[in-house]
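**Q** Here's a structure for you.
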2 protein chains.
Amino acid sequence: MSTSVARLETSLNTTFATRHWPVISGDVVTRVVPADDEFAVLDDAGTRLSFCRNETIFEEGENAKYCYRLVSGSVRLCKFLLDGRRQIADFFLADDLFGFADIDTHAFSAEAVTDVVLLRYPRARVEMLIDVDVHLRRKLIQLTHERLNTTQMHLVMLGRHTVKERIALFLIRIAERLGLDADVGGEIDLPMSRLDIADYLGLTIETVCRAISDLKRAGVIAVPNTHRIVLQDARRLRNLVEGATLLSA
Amino acid sequence: MSTSVARLETSLNTTFATRHWPVISGDVVTRVVPADDEFAVLDDAGTRLSFCRNETIFEEGENAKYCYRLVSGSVRLCKFLLDGRRQIADFFLADDLFGFADIDTHAFSAEAVTDVVLLRYPRARVEMLIDVDVHLRRKLIQLTHERLNTTQMHLVMLGRHTVKERIALFLIRIAERLGLDADVGGEIDLPMSRLDIADYLGLTIETVCRAISDLKRAGVIAVPNTHRIVLQDARRLRNLVEGATLLSA
DNA sequence: CGAACAATTGACAGACCTCAAGCGACGTGG
DNA sequence: CCACGTCGCTTGAGGTCTGTCAATTGTTCG
C-alpha cells in the first residue's frame with residue numbers, strides 16, 4: 001500500500017490506495033472547526049497537502065520555513081537518537097496547529113501517523129499576520145502557552161509516574177482531546193500504534209502491551225480491536241492516577 | 001547576611017534565619033542585563049521582591065495574577081503528586097522570565113532554590129503591553145518558543161536517555177546557560193541540591209550521587225565541593241551523550 | 001562539641017527491559 | 001476461496017538497571 005505517496009499543492013487526488021486501518025477520507029472530514037475560527041485569516045495563505053501513513057512531513061534540522069495545521073488524520077512529533085532510540089514529544093489531531101514554535105530549524109521531525117491532510121503556511125506570512133491581526137495573535141499565543149503546559153505535564157508523567165499511571169493518563173488525556181468525557185467513559189479510536197504509544201510514554205512496546213492487558217483483565221477497559229479502547233470503568237481508571245496531580249486532571 | 005529578607009507587601013517576616021550555603025546578596029547583583037533590554041518597558045510595572053531559600057513564590061492552583069523576572073538567585077518550577085513524588089520542570093537563573101505562560105491558574109509551583117530577588121509584574125499589565133509594544137511582544141514570543149523547545153529536549157532526556165547521559169546533558173546544558181563553553185570546560189556553580197537534580201532528571205538522589213561519583217572516578221569532572229563541578233574532560237563528557245541528538249547538543 | 005541536614009556508599013529487591021516465541025489480522029497469490 | 005506470508009501485537013522467561021532501605025561521612029551552625 002501507500003507506495004503512492006504524498007503529493008502536493010493542487011492535486012490531492014491521491015487515491016490513498018487501500019490502507020488497512022484508519023479510514024479517514026480527506027474529503028469526508030470537512031473542517032469541523034470550532035465556531036470561533038481565528039485562523040480563517042490564515043487560510044488564504046495555506047497550501048493543502050496530503051501525506052501517507054509514515055511519511056515525513058518535516059525532518060529535524062530542516063529549515064523551518066513553514067507552519068502547519070492538521071486537517072485530518074494524526075501526526076507525531078519525534079526525535080531520534082543516533083542508536084535508533086526514539087522519543088515522541090506530541091501527537092497532533094485534527095485542527096491542531098504545529099511547527100509554529102520552531103525557530104529557524106525544526107528541532108523535531110513530524111511524521112504522519114495515519115494518512116494525513118494538512119494546511120501549510122509560510123512562516124514569514126504567519127509572522128506578518130501576527131503583527132497585524134490581534135485575534136490571531138492572541139489565539140496563537142494562547143495555544144503556545146497551552147502546549148507548553150501540556151508538555152510540562154508530559155514531563156511529569158515521564159519523570160515520576162509509574163507504568164500503570166502513564167497508560168491511564170494517556171488514555172484519559174486522549175479521550176478528552178477526542179471530545180469524550182473521560183469520567184463517563186466511551187470509546188477511543190487510537191490513531192497510533194503500540195510502538196508509538198511506547199515511544200510517547202518512554203516505555204517499550206512490551207511494557208505498554210502488558211499494561212493494557214492488565215487493564216483489560218481488570219475490567220477497566222475493553223479492547224474490541226487493536227486501535228479501539230472502550231473505557232468501561234472511568235472512575236477506576238482515574239483512581240489509578242492518584243497520586244496524580246494535586247489539582248488538575 | 002540576608003538574614004533579613006523576603007518580604008514584601010505586608011509581612012512575611014518568616015525569619016528564615018541563617019541559611020547555610022549560597023551567599024547571594026540581593027543588593028550586590030545589580031541587573032547585569034544583556035544589552036538588548038526589550039524588557040525595560042516592563043520595569044516600571046514591576047515590584048521588587050525577595051524570597052529566602054525554599055520559600056514558595058507561587059503555588060500550583062493559585063490564581064496566576066503575576067508574571068516574574070528573576071533578578072538574582074535561582075528558582076525551581078515543580079509539581080507534587082499526592083504521595084510526595086516531585087517533578088521539577090525547570091530551573092530559572094538570573095534574568096530568566098517565568099510565569100508568563102500560565103493561563104488563569106499556575107499549573108506548577110515556583111520555589112526559591114537559593115535566596116532570590118525578583119521582579120513581579122501584574123499579568124494584566126503585561127498583556128496590555130504586549131499589544132502595544134512590538135519589540136516586547138516579539139521577544140516574549142521568542143522566549144516562549146525557546147522554552148517550549150528546551151522543555152521538549154527535557155522530555156527526550158526523561159523518556160530515552162540513560163542515567164549517565166542525563167547527568168552529562170544536565171551538566172553541559174547548565175554550563176552553557178551559565179555562559180561557559182561546555183567544549184572548553186570550566187567550573188560550574190550549581191545552585192541546586194542533589195535532590196533537586198534528581199527530581200529534575202526523574203531519578204533518585206542516590207542514583208544521581210552514584211553517577212556523579214562515577215564521572216569523578218573516571219576523571220571527567222572534579223567536585224571540589226558539593227555545589228561546584230569542574231569540567232575536566234569536556235570531550236568525554238560530550239561523548240557520553242552520543243547517541244544524543246542527531247544534530248543539536 | 002554536638003545537632004541537624006545533605007551527600008555518599010553499600011546491600012538488596014523489584015520494576016522494567018531484553019530476548020524470544022506465539023498469535024491474530026490482513027492482503028496477496030495460487 | 002483458501003493458504004500462506006507479513007506485520008503488528010501479545011505473552012513468557014530471565015536479566016539488569018535503578019529504586020529502596022540503611023548506615024556512614026561530611027558540612028554548617030548553634
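Going through the C-alpha cells in order, the chains are called A, B, and so on, while each chain numbers its residues from 1 and the ligands are numbered from 1 in the order shown.
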Skipping near chain neighbours, those fewer than 5 positions away, what residues fall within 9 Å of region 170-184 of chain A using only C-alpha atoms (C1' of nucleotides), listed as number ranges by chain?
**A** A: 93, 165, 189-190, 197, 201, 229, 231-235, 237-238, 249
**Q** For those residues, write all heavy atoms to a file as a short mmCIF file (atom, residue, chain, number, x, y, z; two decimals), in the first residue's frame.
**A**
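Below you can see result_3.cif, which holds the result:
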```cif
data_model
loop_
_atom_site.label_atom_id
_atom_site.label_comp_id
_atom_site.auth_asym_id
_atom_site.auth_seq_id
_atom_site.Cartn_x
_atom_site.Cartn_y
_atom_site.Cartn_z
N LEU A 93 -3.76 16.03 16.48
CA LEU A 93 -5.03 15.53 15.95
C LEU A 93 -5.66 16.61 15.08
O LEU A 93 -5.14 17.72 14.97
CB LEU A 93 -5.96 15.17 17.12
CG LEU A 93 -5.36 14.22 18.16
CD1 LEU A 93 -6.35 13.95 19.28
CD2 LEU A 93 -4.93 12.91 17.50
N GLU A 165 0.16 4.28 35.73
CA GLU A 165 -0.30 5.67 35.74
C GLU A 165 -0.14 6.32 34.37
O GLU A 165 -0.99 7.07 33.91
CB GLU A 165 0.46 6.46 36.81
CG GLU A 165 0.10 6.07 38.23
CD GLU A 165 1.07 6.64 39.27
OE1 GLU A 165 2.13 7.15 38.87
OE2 GLU A 165 0.77 6.56 40.46
N ASP A 189 -10.80 5.90 19.64
CA ASP A 189 -10.22 5.38 18.41
C ASP A 189 -8.78 5.84 18.36
O ASP A 189 -8.49 6.98 18.01
CB ASP A 189 -11.00 5.91 17.21
CG ASP A 189 -10.86 4.98 16.03
OD1 ASP A 189 -9.90 4.18 16.01
OD2 ASP A 189 -11.71 5.05 15.13
N LEU A 190 -7.87 4.95 18.74
CA LEU A 190 -6.45 5.32 18.80
C LEU A 190 -5.84 5.34 17.41
O LEU A 190 -5.80 4.31 16.74
CB LEU A 190 -5.69 4.30 19.65
CG LEU A 190 -5.88 4.30 21.15
CD1 LEU A 190 -5.02 3.21 21.77
CD2 LEU A 190 -5.54 5.65 21.74
N ILE A 197 2.86 4.61 21.08
CA ILE A 197 2.48 4.88 22.47
C ILE A 197 3.69 4.69 23.38
O ILE A 197 3.97 5.50 24.25
CB ILE A 197 1.32 3.97 22.91
CG1 ILE A 197 0.08 4.25 22.07
CG2 ILE A 197 1.02 4.16 24.40
CD1 ILE A 197 -1.08 3.30 22.33
N LEU A 201 5.48 7.45 25.79
CA LEU A 201 5.47 7.30 27.25
C LEU A 201 6.84 6.93 27.83
O LEU A 201 6.97 6.72 29.03
CB LEU A 201 4.44 6.23 27.66
CG LEU A 201 2.98 6.56 27.33
CD1 LEU A 201 2.07 5.41 27.76
CD2 LEU A 201 2.57 7.85 28.03
N ILE A 229 -10.35 1.39 22.06
CA ILE A 229 -10.34 1.15 23.51
C ILE A 229 -11.65 1.66 24.09
O ILE A 229 -12.03 2.81 23.85
CB ILE A 229 -9.18 1.91 24.18
CG1 ILE A 229 -7.84 1.53 23.54
CG2 ILE A 229 -9.19 1.68 25.68
CD1 ILE A 229 -7.03 0.53 24.28
N LEU A 231 -13.61 2.66 27.41
CA LEU A 231 -13.46 2.97 28.82
C LEU A 231 -14.68 2.45 29.56
O LEU A 231 -15.77 3.01 29.47
CB LEU A 231 -13.34 4.48 29.03
CG LEU A 231 -12.22 5.18 28.24
CD1 LEU A 231 -12.11 6.65 28.66
CD2 LEU A 231 -10.89 4.48 28.45
N GLN A 232 -14.49 1.37 30.28
CA GLN A 232 -15.63 0.75 30.95
C GLN A 232 -15.82 1.27 32.36
O GLN A 232 -16.93 1.41 32.85
CB GLN A 232 -15.45 -0.77 30.99
CG GLN A 232 -15.49 -1.39 29.60
CD GLN A 232 -15.43 -2.88 29.66
OE1 GLN A 232 -14.56 -3.46 30.33
NE2 GLN A 232 -16.35 -3.54 28.97
N ASP A 233 -14.71 1.48 33.03
CA ASP A 233 -14.80 1.93 34.42
C ASP A 233 -13.93 3.18 34.58
O ASP A 233 -12.81 3.12 35.06
CB ASP A 233 -14.34 0.82 35.36
CG ASP A 233 -14.68 1.13 36.80
OD1 ASP A 233 -14.86 2.33 37.14
OD2 ASP A 233 -14.76 0.19 37.61
N ALA A 234 -14.50 4.30 34.18
CA ALA A 234 -13.73 5.54 34.15
C ALA A 234 -13.24 5.93 35.53
O ALA A 234 -12.14 6.45 35.70
CB ALA A 234 -14.58 6.67 33.56
N ARG A 235 -14.05 5.66 36.53
CA ARG A 235 -13.65 6.01 37.89
C ARG A 235 -12.39 5.26 38.31
O ARG A 235 -11.44 5.85 38.82
CB ARG A 235 -14.79 5.69 38.87
CG ARG A 235 -14.31 5.56 40.32
CD ARG A 235 -15.44 5.67 41.28
NE ARG A 235 -16.00 7.01 41.27
CZ ARG A 235 -17.03 7.38 42.04
NH1 ARG A 235 -17.59 6.51 42.86
NH2 ARG A 235 -17.49 8.61 41.99
N LEU A 237 -10.20 4.01 36.40
CA LEU A 237 -9.10 4.50 35.57
C LEU A 237 -8.49 5.74 36.22
O LEU A 237 -7.27 5.89 36.33
CB LEU A 237 -9.59 4.82 34.16
CG LEU A 237 -8.51 5.00 33.09
CD1 LEU A 237 -7.70 3.74 32.91
CD2 LEU A 237 -9.12 5.44 31.77
N ARG A 238 -9.34 6.64 36.66
CA ARG A 238 -8.85 7.85 37.32
C ARG A 238 -8.16 7.54 38.64
O ARG A 238 -7.16 8.15 38.99
CB ARG A 238 -10.00 8.83 37.56
CG ARG A 238 -10.10 9.85 36.47
CD ARG A 238 -10.80 11.11 36.90
NE ARG A 238 -11.26 11.82 35.72
CZ ARG A 238 -10.47 12.51 34.91
NH1 ARG A 238 -9.18 12.63 35.16
NH2 ARG A 238 -10.95 13.10 33.84
N ALA A 249 -6.41 17.48 36.19
CA ALA A 249 -6.53 16.08 35.77
C ALA A 249 -5.24 15.60 35.15
O ALA A 249 -5.00 15.79 34.01
CB ALA A 249 -7.67 15.95 34.78
#
```
**Q** Within 10 Å of chain A, which residues of chain D are there when counting only C-alpha atoms (C1' of nucleotides)? Please give them as a PyMOL selection string.
**A** chain D and resi 8-11
**Q** Find the residues around DG29 (chain C) up to 12 Å (only C-alpha atoms (C1' of nucleotides) counted), leave out those fewer than 4 positions away in its own chain, and share them as JSON, numbers by chain.
**A** {"D": [1, 2, 3, 4, 5]}
**Q** Residues of chain C no more than 12 Å from chain A, counting only C-alpha atoms (C1' of nucleotides): send them over as a list in words.
**A**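 Filtering chain C at 12 Å from chain A with only C-alpha atoms (C1' of nucleotides) gives DA15, DC16, DC17, DT18, DC19, DG24, DA25, DC26, DG27 and DT28 of chain C.
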**Q** Those selected residues, please, written with C-alpha atoms (C1' of nucleotides) and delivered as an mmCIF file, in the first residue's frame.
**A**
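Heads up, here's the output in part_37.cif:
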```cif
data_model
loop_
_atom_site.group_PDB
_atom_site.id
_atom_site.type_symbol
_atom_site.label_atom_id
_atom_site.label_comp_id
_atom_site.auth_asym_id
_atom_site.auth_seq_id
_atom_site.Cartn_x
_atom_site.Cartn_y
_atom_site.Cartn_z
ATOM 1 C "C1'" DA C 15 10.187 -2.864 38.121
ATOM 2 C "C1'" DC C 16 11.022 -2.621 33.565
ATOM 3 C "C1'" DC C 17 13.776 -4.059 29.584
ATOM 4 C "C1'" DT C 18 15.651 -7.712 26.512
ATOM 5 C "C1'" DC C 19 15.223 -11.641 24.001
ATOM 6 C "C1'" DG C 24 -4.009 -12.646 15.005
ATOM 7 C "C1'" DA C 25 -5.470 -9.690 11.226
ATOM 8 C "C1'" DC C 26 -4.934 -8.617 6.712
ATOM 9 C "C1'" DG C 27 -3.608 -8.940 1.852
ATOM 10 C "C1'" DT C 28 -1.647 -11.478 -1.801
#
```
**Q** Check every residue of chain A for an atom within 8 Å of chain B, counting only C-alpha atoms, and provide those that qualify as a VMD selection string.
**A** chain A and resid 60 to 61 79 to 83 85 to 89 101 to 103 107 131 134 141 144 to 149 151 to 152 154 to 156 158 to 160 199 to 203 242 to 248
